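Visitor: Take this structure, written in C-alpha cells, and hold onto it; I'll ask about it next.
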Amino acid sequence: MINVLVADDELPAVEELAFLLGRDERVGTIHRASSGSEALRVLENESVDIAFLDIHMPALSGLDIARAISRIPLPPAVVFVTADEDCALEAFELAAVDYLLKPVRAERLARSLGRVSELIRDGSPAPEMITVDQGGTTRMIRRDDVRYVQAQGDYARLHTAEASYLIRVPLSDLEQQWAEAGFLRIHRSYLISLNHVEHLKLGAVHPSVTVARAELPISRRHLPSVRDKLGTTRIRPQG
C-alpha cells in the first residue's frame, strides 16, 4: 500500500483529491495538510511515499516544500497539483515526477499514481521530461507519454494521447538520443515508441504499424531493422 500526503491551502481541494485517491486500492493512509508548515510536520513524523503538493500555497509553497524534501534521505516522490502551468519548468527542475492540472480528473490521477507506484517499486529514476511550447506557454511532458514522432522539416512533432507538440529538434537527432528508451525509426518521417505499438503488418505489400490508432508506414529501408528489433521484444508481427 502507498501512503500519500495531500497538501493544499484550500480545504475543498484537499478533500476532493483525498476522495479520488481513496478510491484507488493501491492507496493506504492519506495524510492531509492545509498549509506548507503542516505538510512539513507530516513529512517529519509520518511515512509518506508520495506527496501531492499544491504549488501556490501562502508562506511555504509547494516548491518550497519540494526543496526541503530534496534534502532529506529517501525522500517521497513529488507530484505537483496546480491550476496553471507557469511553474512547470521549475517544478521538474526539482525532480517532480508528475504535474497535475486542476481540476484533477480521476483517470489522469490514476495514471499518475500508477507511474509513481512503478518508480517506487522498481527504484527507477524520475522520468525523462521534455520542454515544449504550446500557445505561448512552456509545458513539460513525459517522454514515455510520446507515442510516436513525426518529422516536419527541421522540427519534430511529438504525438501523445492528449495532444501533439512541435519541437525544434530533427528526427535524426531524436532517433539517436531516444534509441535506448525504446524508440525505433520505421520511416524517414516516423519514429515510434515500441511500448505503444498496437498492431503490426510486416508481411503485407505495404507494411505498417499502428500506434495510438494511427497507421504509420514502414519503409523498405527500415523494415529489416524493424524485424530485428521485434525479435528481441515481446511484440510479435501480425500478418
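Please note that chains go A, B, ... in the order of the C-alpha cells, that every chain numbers its residues from 1, and that ligands are numbered from 1 in the order shown.
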Among region 62-232 of chain A, which ones does DSSP place in helix (DSSP H, G or I), written as a PDB file with N, CA and C atoms, in the first residue's frame?

Guide:
ATOM      1  N   GLY A  62       4.330  24.907  -2.512  1.00  0.00           N
ATOM      2  CA  GLY A  62       4.681  23.539  -2.859  1.00  0.00           C
ATOM      3  C   GLY A  62       6.119  23.419  -3.338  1.00  0.00           C
ATOM      4  N   LEU A  63       6.612  24.437  -4.028  1.00  0.00           N
ATOM      5  CA  LEU A  63       8.005  24.432  -4.475  1.00  0.00           C
ATOM      6  C   LEU A  63       8.957  24.486  -3.283  1.00  0.00           C
ATOM      7  N   ASP A  64       8.605  25.284  -2.275  1.00  0.00           N
ATOM      8  CA  ASP A  64       9.433  25.353  -1.065  1.00  0.00           C
ATOM      9  C   ASP A  64       9.488  23.999  -0.367  1.00  0.00           C
ATOM     10  N   ILE A  65       8.340  23.340  -0.292  1.00  0.00           N
ATOM     11  CA  ILE A  65       8.290  22.017   0.345  1.00  0.00           C
ATOM     12  C   ILE A  65       9.136  21.025  -0.440  1.00  0.00           C
ATOM     13  N   ALA A  66       9.041  21.075  -1.769  1.00  0.00           N
ATOM     14  CA  ALA A  66       9.822  20.158  -2.600  1.00  0.00           C
ATOM     15  C   ALA A  66      11.323  20.365  -2.402  1.00  0.00           C
ATOM     16  N   ARG A  67      11.743  21.626  -2.240  1.00  0.00           N
ATOM     17  CA  ARG A  67      13.167  21.895  -1.979  1.00  0.00           C
ATOM     18  C   ARG A  67      13.593  21.273  -0.651  1.00  0.00           C
ATOM     19  N   ALA A  68      12.723  21.392   0.350  1.00  0.00           N
ATOM     20  CA  ALA A  68      13.033  20.796   1.659  1.00  0.00           C
ATOM     21  C   ALA A  68      13.077  19.277   1.568  1.00  0.00           C
ATOM     22  N   ILE A  69      12.141  18.703   0.822  1.00  0.00           N
ATOM     23  CA  ILE A  69      12.094  17.253   0.658  1.00  0.00           C
ATOM     24  C   ILE A  69      13.358  16.734  -0.015  1.00  0.00           C
ATOM     25  N   ALA A  88       5.825  25.036 -14.394  1.00  0.00           N
ATOM     26  CA  ALA A  88       6.137  23.677 -14.829  1.00  0.00           C
ATOM     27  C   ALA A  88       7.632  23.437 -14.921  1.00  0.00           C
ATOM     28  N   LEU A  89       8.357  24.378 -15.520  1.00  0.00           N
ATOM     29  CA  LEU A  89       9.789  24.181 -15.708  1.00  0.00           C
ATOM     30  C   LEU A  89      10.508  24.080 -14.371  1.00  0.00           C
ATOM     31  N   GLU A  90      10.219  25.000 -13.455  1.00  0.00           N
ATOM     32  CA  GLU A  90      10.854  24.963 -12.147  1.00  0.00           C
ATOM     33  C   GLU A  90      10.464  23.711 -11.376  1.00  0.00           C
ATOM     34  N   ALA A  91       9.235  23.261 -11.549  1.00  0.00           N
ATOM     35  CA  ALA A  91       8.771  22.063 -10.857  1.00  0.00           C
ATOM     36  C   ALA A  91       9.615  20.854 -11.233  1.00  0.00           C
ATOM     37  N   PHE A  92       9.882  20.686 -12.505  1.00  0.00           N
ATOM     38  CA  PHE A  92      10.632  19.499 -12.913  1.00  0.00           C
ATOM     39  C   PHE A  92      12.128  19.645 -12.679  1.00  0.00           C
ATOM     40  N   GLU A  93      12.589  20.874 -12.530  1.00  0.00           N
ATOM     41  CA  GLU A  93      13.971  21.060 -12.094  1.00  0.00           C
ATOM     42  C   GLU A  93      14.152  20.560 -10.667  1.00  0.00           C
ATOM     43  N   ALA A 106     -10.118  12.033 -12.570  1.00  0.00           N
ATOM     44  CA  ALA A 106      -9.867  10.741 -11.928  1.00  0.00           C
ATOM     45  C   ALA A 106      -8.948   9.865 -12.760  1.00  0.00           C
ATOM     46  N   GLU A 107      -9.166   9.820 -14.084  1.00  0.00           N
ATOM     47  CA  GLU A 107      -8.338   8.959 -14.922  1.00  0.00           C
ATOM     48  C   GLU A 107      -6.903   9.457 -15.004  1.00  0.00           C
ATOM     49  N   ARG A 108      -6.738  10.784 -14.999  1.00  0.00           N
ATOM     50  CA  ARG A 108      -5.377  11.346 -15.035  1.00  0.00           C
ATOM     51  C   ARG A 108      -4.660  11.071 -13.725  1.00  0.00           C
ATOM     52  N   LEU A 109      -5.369  11.170 -12.609  1.00  0.00           N
ATOM     53  CA  LEU A 109      -4.781  10.882 -11.303  1.00  0.00           C
ATOM     54  C   LEU A 109      -4.383   9.417 -11.207  1.00  0.00           C
ATOM     55  N   ALA A 110      -5.234   8.528 -11.694  1.00  0.00           N
ATOM     56  CA  ALA A 110      -4.932   7.094 -11.652  1.00  0.00           C
ATOM     57  C   ALA A 110      -3.681   6.791 -12.459  1.00  0.00           C
ATOM     58  N   ARG A 111      -3.545   7.459 -13.612  1.00  0.00           N
ATOM     59  CA  ARG A 111      -2.363   7.239 -14.440  1.00  0.00           C
ATOM     60  C   ARG A 111      -1.104   7.734 -13.744  1.00  0.00           C
ATOM     61  N   SER A 112      -1.217   8.886 -13.105  1.00  0.00           N
ATOM     62  CA  SER A 112      -0.081   9.435 -12.366  1.00  0.00           C
ATOM     63  C   SER A 112       0.313   8.527 -11.209  1.00  0.00           C
ATOM     64  N   LEU A 113      -0.683   8.048 -10.482  1.00  0.00           N
ATOM     65  CA  LEU A 113      -0.421   7.179  -9.339  1.00  0.00           C
ATOM     66  C   LEU A 113       0.241   5.881  -9.795  1.00  0.00           C
ATOM     67  N   GLY A 114      -0.210   5.351 -10.917  1.00  0.00           N
ATOM     68  CA  GLY A 114       0.387   4.133 -11.437  1.00  0.00           C
ATOM     69  C   GLY A 114       1.847   4.320 -11.805  1.00  0.00           C
ATOM     70  N   ARG A 115       2.155   5.445 -12.425  1.00  0.00           N
ATOM     71  CA  ARG A 115       3.536   5.714 -12.816  1.00  0.00           C
ATOM     72  C   ARG A 115       4.441   5.856 -11.606  1.00  0.00           C
ATOM     73  N   VAL A 116       3.974   6.620 -10.622  1.00  0.00           N
ATOM     74  CA  VAL A 116       4.787   6.822  -9.431  1.00  0.00           C
ATOM     75  C   VAL A 116       4.953   5.512  -8.673  1.00  0.00           C
ATOM     76  N   SER A 117       3.916   4.695  -8.660  1.00  0.00           N
ATOM     77  CA  SER A 117       3.993   3.394  -7.991  1.00  0.00           C
ATOM     78  C   SER A 117       5.078   2.525  -8.618  1.00  0.00           C
ATOM     79  N   GLU A 118       5.162   2.567  -9.941  1.00  0.00           N
ATOM     80  CA  GLU A 118       6.189   1.792 -10.644  1.00  0.00           C
ATOM     81  C   GLU A 118       7.584   2.289 -10.294  1.00  0.00           C
ATOM     82  N   LEU A 119       7.735   3.608 -10.224  1.00  0.00           N
ATOM     83  CA  LEU A 119       9.035   4.172  -9.867  1.00  0.00           C
ATOM     84  C   LEU A 119       9.451   3.741  -8.470  1.00  0.00           C
ATOM     85  N   ILE A 120       8.494   3.770  -7.544  1.00  0.00           N
ATOM     86  CA  ILE A 120       8.791   3.372  -6.169  1.00  0.00           C
ATOM     87  C   ILE A 120       9.136   1.891  -6.103  1.00  0.00           C
ATOM     88  N   ARG A 121       8.353   1.077  -6.790  1.00  0.00           N
ATOM     89  CA  ARG A 121       8.557  -0.372  -6.747  1.00  0.00           C
ATOM     90  C   ARG A 121       9.885  -0.773  -7.376  1.00  0.00           C
ATOM     91  N   ASP A 122      10.198  -0.173  -8.521  1.00  0.00           N
ATOM     92  CA  ASP A 122      11.392  -0.569  -9.259  1.00  0.00           C
ATOM     93  C   ASP A 122      12.638   0.204  -8.850  1.00  0.00           C
ATOM     94  N   ARG A 143       8.567  11.896 -21.539  1.00  0.00           N
ATOM     95  CA  ARG A 143       8.951  11.216 -22.772  1.00  0.00           C
ATOM     96  C   ARG A 143       8.170   9.923 -22.942  1.00  0.00           C
ATOM     97  N   ASP A 144       7.857   9.226 -21.870  1.00  0.00           N
ATOM     98  CA  ASP A 144       7.139   7.964 -22.019  1.00  0.00           C
ATOM     99  C   ASP A 144       5.670   8.167 -22.372  1.00  0.00           C
ATOM    100  N   ASP A 145       5.216   9.442 -22.432  1.00  0.00           N
ATOM    101  CA  ASP A 145       3.880   9.734 -22.932  1.00  0.00           C
ATOM    102  C   ASP A 145       3.859   9.856 -24.453  1.00  0.00           C
ATOM    103  N   LEU A 171      14.394  14.855 -36.499  1.00  0.00           N
ATOM    104  CA  LEU A 171      14.036  13.478 -36.155  1.00  0.00           C
ATOM    105  C   LEU A 171      15.274  12.604 -36.030  1.00  0.00           C
ATOM    106  N   SER A 172      16.286  12.858 -36.843  1.00  0.00           N
ATOM    107  CA  SER A 172      17.518  12.049 -36.801  1.00  0.00           C
ATOM    108  C   SER A 172      18.208  12.170 -35.445  1.00  0.00           C
ATOM    109  N   ASP A 173      18.132  13.360 -34.828  1.00  0.00           N
ATOM    110  CA  ASP A 173      18.734  13.535 -33.504  1.00  0.00           C
ATOM    111  C   ASP A 173      17.958  12.751 -32.450  1.00  0.00           C
ATOM    112  N   LEU A 174      16.630  12.812 -32.522  1.00  0.00           N
ATOM    113  CA  LEU A 174      15.819  12.060 -31.569  1.00  0.00           C
ATOM    114  C   LEU A 174      16.016  10.560 -31.735  1.00  0.00           C
ATOM    115  N   GLU A 175      16.188  10.116 -32.973  1.00  0.00           N
ATOM    116  CA  GLU A 175      16.420   8.696 -33.224  1.00  0.00           C
ATOM    117  C   GLU A 175      17.628   8.203 -32.434  1.00  0.00           C
ATOM    118  N   GLN A 176      18.696   8.975 -32.419  1.00  0.00           N
ATOM    119  CA  GLN A 176      19.915   8.577 -31.699  1.00  0.00           C
ATOM    120  C   GLN A 176      19.748   8.727 -30.190  1.00  0.00           C
ATOM    121  N   GLN A 177      19.144   9.836 -29.780  1.00  0.00           N
ATOM    122  CA  GLN A 177      19.039  10.119 -28.348  1.00  0.00           C
ATOM    123  C   GLN A 177      18.042   9.225 -27.623  1.00  0.00           C
ATOM    124  N   ALA A 179      16.967   6.054 -28.648  1.00  0.00           N
ATOM    125  CA  ALA A 179      17.021   4.632 -29.004  1.00  0.00           C
ATOM    126  C   ALA A 179      16.974   3.738 -27.763  1.00  0.00           C
ATOM    127  N   GLU A 180      17.719   4.107 -26.730  1.00  0.00           N
ATOM    128  CA  GLU A 180      17.773   3.278 -25.525  1.00  0.00           C
ATOM    129  C   GLU A 180      16.475   3.347 -24.720  1.00  0.00           C
ATOM    130  N   ALA A 181      15.630   4.319 -25.030  1.00  0.00           N
ATOM    131  CA  ALA A 181      14.350   4.449 -24.330  1.00  0.00           C
ATOM    132  C   ALA A 181      13.239   3.704 -25.060  1.00  0.00           C
ATOM    133  N   LEU A 194       8.051   1.677 -29.000  1.00  0.00           N
ATOM    134  CA  LEU A 194       7.655   0.264 -29.031  1.00  0.00           C
ATOM    135  C   LEU A 194       6.645  -0.061 -27.934  1.00  0.00           C
ATOM    136  N   ASN A 195       6.663   0.706 -26.856  1.00  0.00           N
ATOM    137  CA  ASN A 195       5.729   0.445 -25.753  1.00  0.00           C
ATOM    138  C   ASN A 195       4.287   0.762 -26.116  1.00  0.00           C
ATOM    139  N   HIS A 196       4.099   1.504 -27.206  1.00  0.00           N
ATOM    140  CA  HIS A 196       2.744   1.922 -27.569  1.00  0.00           C
ATOM    141  C   HIS A 196       2.263   1.311 -28.886  1.00  0.00           C
ATOM    142  N   LEU A 223      12.572  -1.700 -42.828  1.00  0.00           N
ATOM    143  CA  LEU A 223      11.884  -2.948 -42.499  1.00  0.00           C
ATOM    144  C   LEU A 223      12.804  -3.989 -41.859  1.00  0.00           C
ATOM    145  N   PRO A 224      14.036  -4.212 -42.370  1.00  0.00           N
ATOM    146  CA  PRO A 224      14.913  -5.206 -41.718  1.00  0.00           C
ATOM    147  C   PRO A 224      15.208  -4.865 -40.252  1.00  0.00           C
ATOM    148  N   SER A 225      15.469  -3.604 -39.951  1.00  0.00           N
ATOM    149  CA  SER A 225      15.768  -3.240 -38.564  1.00  0.00           C
ATOM    150  C   SER A 225      14.533  -3.372 -37.681  1.00  0.00           C
ATOM    151  N   VAL A 226      13.344  -3.105 -38.256  1.00  0.00           N
ATOM    152  CA  VAL A 226      12.112  -3.288 -37.500  1.00  0.00           C
ATOM    153  C   VAL A 226      11.921  -4.755 -37.163  1.00  0.00           C
ATOM    154  N   ARG A 227      12.148  -5.630 -38.148  1.00  0.00           N
ATOM    155  CA  ARG A 227      12.034  -7.079 -37.903  1.00  0.00           C
ATOM    156  C   ARG A 227      13.024  -7.529 -36.844  1.00  0.00           C
ATOM    157  N   ASP A 228      14.261  -7.056 -36.922  1.00  0.00           N
ATOM    158  CA  ASP A 228      15.280  -7.453 -35.947  1.00  0.00           C
ATOM    159  C   ASP A 228      14.903  -6.982 -34.542  1.00  0.00           C
ATOM    160  N   LYS A 229      14.415  -5.770 -34.452  1.00  0.00           N
ATOM    161  CA  LYS A 229      14.066  -5.234 -33.143  1.00  0.00           C
ATOM    162  C   LYS A 229      12.896  -5.988 -32.538  1.00  0.00           C
ATOM    163  N   LEU A 230      11.929  -6.320 -33.351  1.00  0.00           N
ATOM    164  CA  LEU A 230      10.768  -7.048 -32.844  1.00  0.00           C
ATOM    165  C   LEU A 230      11.150  -8.431 -32.349  1.00  0.00           C
ATOM    166  N   GLY A 231      12.209  -8.972 -32.908  1.00  0.00           N
ATOM    167  CA  GLY A 231      12.673 -10.296 -32.480  1.00  0.00           C
ATOM    168  C   GLY A 231      13.226 -10.304 -31.078  1.00  0.00           C
TER     169      GLY A 231
END

Visitor: Might you pull out every residue within 8 Å of Tyr165 (chain A), with only C-alpha atoms counted and same-chain residues fewer than 6 positions away left off, and present them as a VMD selection string?

Guide: chain A and resid 132 to 134 157 to 159

Visitor: Go ahead and write the selection's residues with C-alpha atoms as a CSV table (one decimal), in the first residue's frame.

Guide:
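Wrote part_5.csv, looks like this:
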chain,number,residue,atom,x,y,z
A,132,VAL,CA,7.6,22.1,-25.2
A,133,ASP,CA,5.9,25.4,-26.1
A,134,GLN,CA,2.1,25.5,-26.7
A,157,ARG,CA,6.1,16.7,-33.8
A,158,LEU,CA,5.6,14.7,-30.7
A,159,HIS,CA,2.3,12.8,-30.6

Visitor: As an NGL selection string, please: every residue in region 20-235 of chain A that DSSP puts in strand (DSSP E).

Guide: :A and (27-33 or 50-54 or 77-82 or 98-101 or 129-134 or 137-142 or 148-152 or 155-159 or 164-167 or 183-187 or 190-193 or 197-201 or 208-211 or 214-217)

Visitor: Could you check which of A:Val146, A:Leu11, A:Ile192, A:Ala83 is closest to His56 (chain A), using only C-alpha atoms?

Guide: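 Ranked by minimum distance to His56 (chain A), first place goes to A:Ala83.
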
Visitor: What's around Asp98 (chain A) at 8 Å? Count only C-alpha atoms, leave out sequence neighbours fewer than 2 positions away in its own chain, and write the answer as a PyMOL selection string.

Guide: chain A and resi 78-80+96+100+112

Visitor: May I have the residues within 7 Å of region 46-55 of chain A as a PyMOL selection string, using only C-alpha atoms and disregarding those fewer than 6 positions away in the same chain?

Guide: chain A and resi 2-8+61-63+76-82

Visitor: Give me the residues near region 167-170 of chain A as a PyMOL selection string, where near means some atom within 6 Å (using only C-alpha atoms) and where sequence neighbours in that chain fewer than 4 positions away do not count.

Guide: chain A and resi 154-156

Visitor: Measure the distance from CA of Ser189 (chain A) to CA of Gln150 (chain A) in Å and round it to one decimal.

Guide: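 Result for CA of Ser189 (chain A) versus CA of Gln150 (chain A): 5.5 Å, one decimal.
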
Visitor: Compare A:Val104, A:Val97, A:Ile72, A:Leu60 by their minimum atom-to-atom distance to Leu20 (chain A), counting only C-alpha atoms, and give me the closest one.

Guide: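 Of A:Val104, A:Val97, A:Ile72, A:Leu60, the one nearest Leu20 (chain A), counting only C-alpha atoms, is A:Val104.
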
Visitor: Name the residues in contact with region 206-220 of chain A at a cut-off of 8 Å, using only C-alpha atoms, excluding same-chain residues fewer than 4 positions from it; report them as a PyMOL selection string.

Guide: chain A and resi 147-148+161+186-188+190+192+196-202+224

Visitor: Could you please determine the separation between CA of Arg142 (chain A) and CA of Glu128 (chain A) in Å, to one decimal place?

Guide: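 Rounded to one decimal, the two atoms are 6.0 Å apart.
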
Visitor: Which residue out of A:Leu43, A:Arg32, A:Glu25, A:Tyr99 has the minimum interatomic distance to Leu74 (chain A) when only C-alpha atoms are used?

Guide: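 Closest to Leu74 (chain A), using only C-alpha atoms: A:Leu43.
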